[in-house]
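Q: Here's a structure for you.
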Amino acid sequence: MSHTILLVQPGLRPETRTYSDYDSVNECMEGVCRIYEEHLKRINPNTPTITYDISQLFDFLDQLADISCLVYQKSTNTYAPYNKEWIKEKIYVLLKQAAGNTD
């Protein structure tokens, strides 16, 4: 488990910047999915069940001004930065594993 900090800037203004921290990369990726799900609930308040596919999630990520992660590296006692494309790759792997575990 590597402590992970998620940095999100939804809009162009610096005041829109937020951060969240997680105990692991997977928890962080689940957090990114929750951010999107909360966004969907806000724009569809009368829809009881929200569904989406990964391409819609990725489109949402592309619309953000910025999103990145800092992942703790125990060997160097530092945080390594990772960009939006890395986040997408990790989400893809996480969702693919989750889909495989439904059998």
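Chain identifiers are assigned as A, B, and so on, following the order in which chains appear in the structure tokens; residues are numbered from 1 within each chain, and ligands are numbered from 1 in order of appearance.
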If we count only C-alpha atoms, what is near segment 26-30 of chain A at a cut-off of 7 Å, once residues fewer than 4 positions away on the same chain are taken out, given as a PyMOL selection string?
A: chain A and resi 4+6+22+34+90-91
Q: Among chain A, which residues does DSSP mark as strand (DSSP E or B) when it is run on the backbone? Keep the chain and numbering as in the structure and answer as a list in words.
A: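 Result set for chain A (strand (DSSP E or B)): Thr4, Ile5, Leu6, Leu7, Val8, Gln9, Thr18, Tyr19, Ser20, Asp21, Tyr22, Asp66, Ile67, Ser68, Cys69, Leu70, Val71, Tyr72, Gln73, Thr78, Tyr79, Ala80, Pro81 and Tyr82 of chain A.
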Q: Selected residues, N, CA, C and O atoms, written as an mmCIF file, in the first residue's frame, please.
A:
```cif
data_model
loop_
_atom_site.group_PDB
_atom_site.id
_atom_site.type_symbol
_atom_site.label_atom_id
_atom_site.label_comp_id
_atom_site.auth_asym_id
_atom_site.auth_seq_id
_atom_site.Cartn_x
_atom_site.Cartn_y
_atom_site.Cartn_z
ATOM 1 N N THR A 4 -1.374 7.767 -1.400
ATOM 2 C CA THR A 4 -1.582 8.434 -2.675
ATOM 3 C C THR A 4 -2.385 9.704 -2.472
ATOM 4 O O THR A 4 -3.403 9.689 -1.784
ATOM 5 N N ILE A 5 -1.930 10.785 -3.062
ATOM 6 C CA ILE A 5 -2.625 12.069 -3.000
ATOM 7 C C ILE A 5 -3.186 12.357 -4.387
ATOM 8 O O ILE A 5 -2.450 12.342 -5.384
ATOM 9 N N LEU A 6 -4.489 12.610 -4.440
ATOM 10 C CA LEU A 6 -5.156 12.948 -5.690
ATOM 11 C C LEU A 6 -5.320 14.464 -5.754
ATOM 12 O O LEU A 6 -5.878 15.072 -4.843
ATOM 13 N N LEU A 7 -4.825 15.056 -6.836
ATOM 14 C CA LEU A 7 -4.935 16.492 -7.062
ATOM 15 C C LEU A 7 -5.904 16.721 -8.217
ATOM 16 O O LEU A 7 -5.706 16.163 -9.302
ATOM 17 N N VAL A 8 -6.955 17.514 -7.971
ATOM 18 C CA VAL A 8 -7.972 17.744 -9.001
ATOM 19 C C VAL A 8 -8.210 19.239 -9.149
ATOM 20 O O VAL A 8 -8.357 19.952 -8.153
ATOM 21 N N GLN A 9 -8.238 19.686 -10.403
ATOM 22 C CA GLN A 9 -8.625 21.062 -10.705
ATOM 23 C C GLN A 9 -9.688 21.002 -11.795
ATOM 24 O O GLN A 9 -9.378 20.903 -12.976
ATOM 25 N N THR A 18 -8.548 21.034 -5.561
ATOM 26 C CA THR A 18 -8.770 20.281 -4.327
ATOM 27 C C THR A 18 -7.795 19.110 -4.296
ATOM 28 O O THR A 18 -7.183 18.764 -5.309
ATOM 29 N N TYR A 19 -7.679 18.524 -3.125
ATOM 30 C CA TYR A 19 -6.879 17.304 -3.024
ATOM 31 C C TYR A 19 -7.556 16.351 -2.058
ATOM 32 O O TYR A 19 -8.343 16.749 -1.205
ATOM 33 N N SER A 20 -7.268 15.077 -2.234
ATOM 34 C CA SER A 20 -7.747 14.017 -1.345
ATOM 35 C C SER A 20 -6.600 13.047 -1.161
ATOM 36 O O SER A 20 -5.774 12.883 -2.062
ATOM 37 N N ASP A 21 -6.542 12.408 -0.001
ATOM 38 C CA ASP A 21 -5.484 11.405 0.149
ATOM 39 C C ASP A 21 -6.086 10.056 0.468
ATOM 40 O O ASP A 21 -7.170 9.948 1.038
ATOM 41 N N TYR A 22 -5.379 9.018 0.052
ATOM 42 C CA TYR A 22 -5.847 7.632 0.119
ATOM 43 C C TYR A 22 -4.701 6.752 0.592
ATOM 44 O O TYR A 22 -3.533 7.092 0.433
ATOM 45 N N ASP A 66 -7.217 19.837 -14.771
ATOM 46 C CA ASP A 66 -6.048 19.034 -14.396
ATOM 47 C C ASP A 66 -6.448 17.982 -13.382
ATOM 48 O O ASP A 66 -7.321 18.202 -12.551
ATOM 49 N N ILE A 67 -5.812 16.837 -13.477
ATOM 50 C CA ILE A 67 -5.944 15.775 -12.482
ATOM 51 C C ILE A 67 -4.625 15.013 -12.491
ATOM 52 O O ILE A 67 -4.078 14.708 -13.556
ATOM 53 N N SER A 68 -4.103 14.758 -11.305
ATOM 54 C CA SER A 68 -2.845 14.017 -11.202
ATOM 55 C C SER A 68 -2.763 13.373 -9.827
ATOM 56 O O SER A 68 -3.569 13.655 -8.944
ATOM 57 N N CYS A 69 -1.785 12.490 -9.675
ATOM 58 C CA CYS A 69 -1.576 11.783 -8.413
ATOM 59 C C CYS A 69 -0.130 11.929 -7.971
ATOM 60 O O CYS A 69 0.777 11.992 -8.798
ATOM 61 N N LEU A 70 0.040 11.925 -6.678
ATOM 62 C CA LEU A 70 1.366 11.811 -6.079
ATOM 63 C C LEU A 70 1.354 10.515 -5.283
ATOM 64 O O LEU A 70 0.523 10.341 -4.386
ATOM 65 N N VAL A 71 2.245 9.598 -5.628
ATOM 66 C CA VAL A 71 2.278 8.275 -4.993
ATOM 67 C C VAL A 71 3.572 8.136 -4.201
ATOM 68 O O VAL A 71 4.668 8.342 -4.723
ATOM 69 N N TYR A 72 3.424 7.761 -2.940
ATOM 70 C CA TYR A 72 4.577 7.636 -2.048
ATOM 71 C C TYR A 72 5.478 6.500 -2.496
ATOM 72 O O TYR A 72 5.024 5.390 -2.777
ATOM 73 N N GLN A 73 6.777 6.796 -2.563
ATOM 74 C CA GLN A 73 7.793 5.808 -2.925
ATOM 75 C C GLN A 73 8.630 5.521 -1.674
ATOM 76 O O GLN A 73 9.443 6.362 -1.269
ATOM 77 N N THR A 78 9.905 9.677 -0.959
ATOM 78 C CA THR A 78 9.408 10.828 -1.719
ATOM 79 C C THR A 78 8.074 10.455 -2.380
ATOM 80 O O THR A 78 7.666 9.292 -2.364
ATOM 81 N N TYR A 79 7.429 11.449 -2.967
ATOM 82 C CA TYR A 79 6.207 11.223 -3.739
ATOM 83 C C TYR A 79 6.521 11.395 -5.221
ATOM 84 O O TYR A 79 7.139 12.386 -5.614
ATOM 85 N N ALA A 80 6.102 10.438 -6.020
ATOM 86 C CA ALA A 80 6.301 10.503 -7.473
ATOM 87 C C ALA A 80 5.013 10.997 -8.134
ATOM 88 O O ALA A 80 3.924 10.519 -7.796
ATOM 89 N N PRO A 81 5.124 11.940 -9.085
ATOM 90 C CA PRO A 81 3.929 12.456 -9.763
ATOM 91 C C PRO A 81 3.504 11.562 -10.931
ATOM 92 O O PRO A 81 4.346 10.986 -11.624
ATOM 93 N N TYR A 82 2.189 11.451 -11.114
ATOM 94 C CA TYR A 82 1.629 10.694 -12.240
ATOM 95 C C TYR A 82 0.513 11.502 -12.865
ATOM 96 O O TYR A 82 -0.284 12.133 -12.170
#
```
Q: May I ask for the distance between atom CA of Gly11 of chain A and atom CA of Trp86 of chain A, given in Å to one decimal place?
A: 20.5 Å
Q: Figure out the distance between atom CA of Gly31 of chain A and atom CA of Ser75 of chain A, please, to one decimal in Å.
A: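 Atom-to-atom, atom CA of Ser75 of chain A and atom CA of Gly31 of chain A are spaced 25.4 Å apart.
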Q: When you draw a straight line from atom CA of Asn44 of chain A to atom CA of Leu12 of chain A, how long is it in Å?
A: 23.8 Å
Q: Given only C-alpha atoms as the basis, pick out the residue of A:Lys84, A:His3, A:Lys96, A:Lys74 nearest to Asp23 of chain A.
A: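 Counting only C-alpha atoms, the residue closest to Asp23 of chain A is A:His3.
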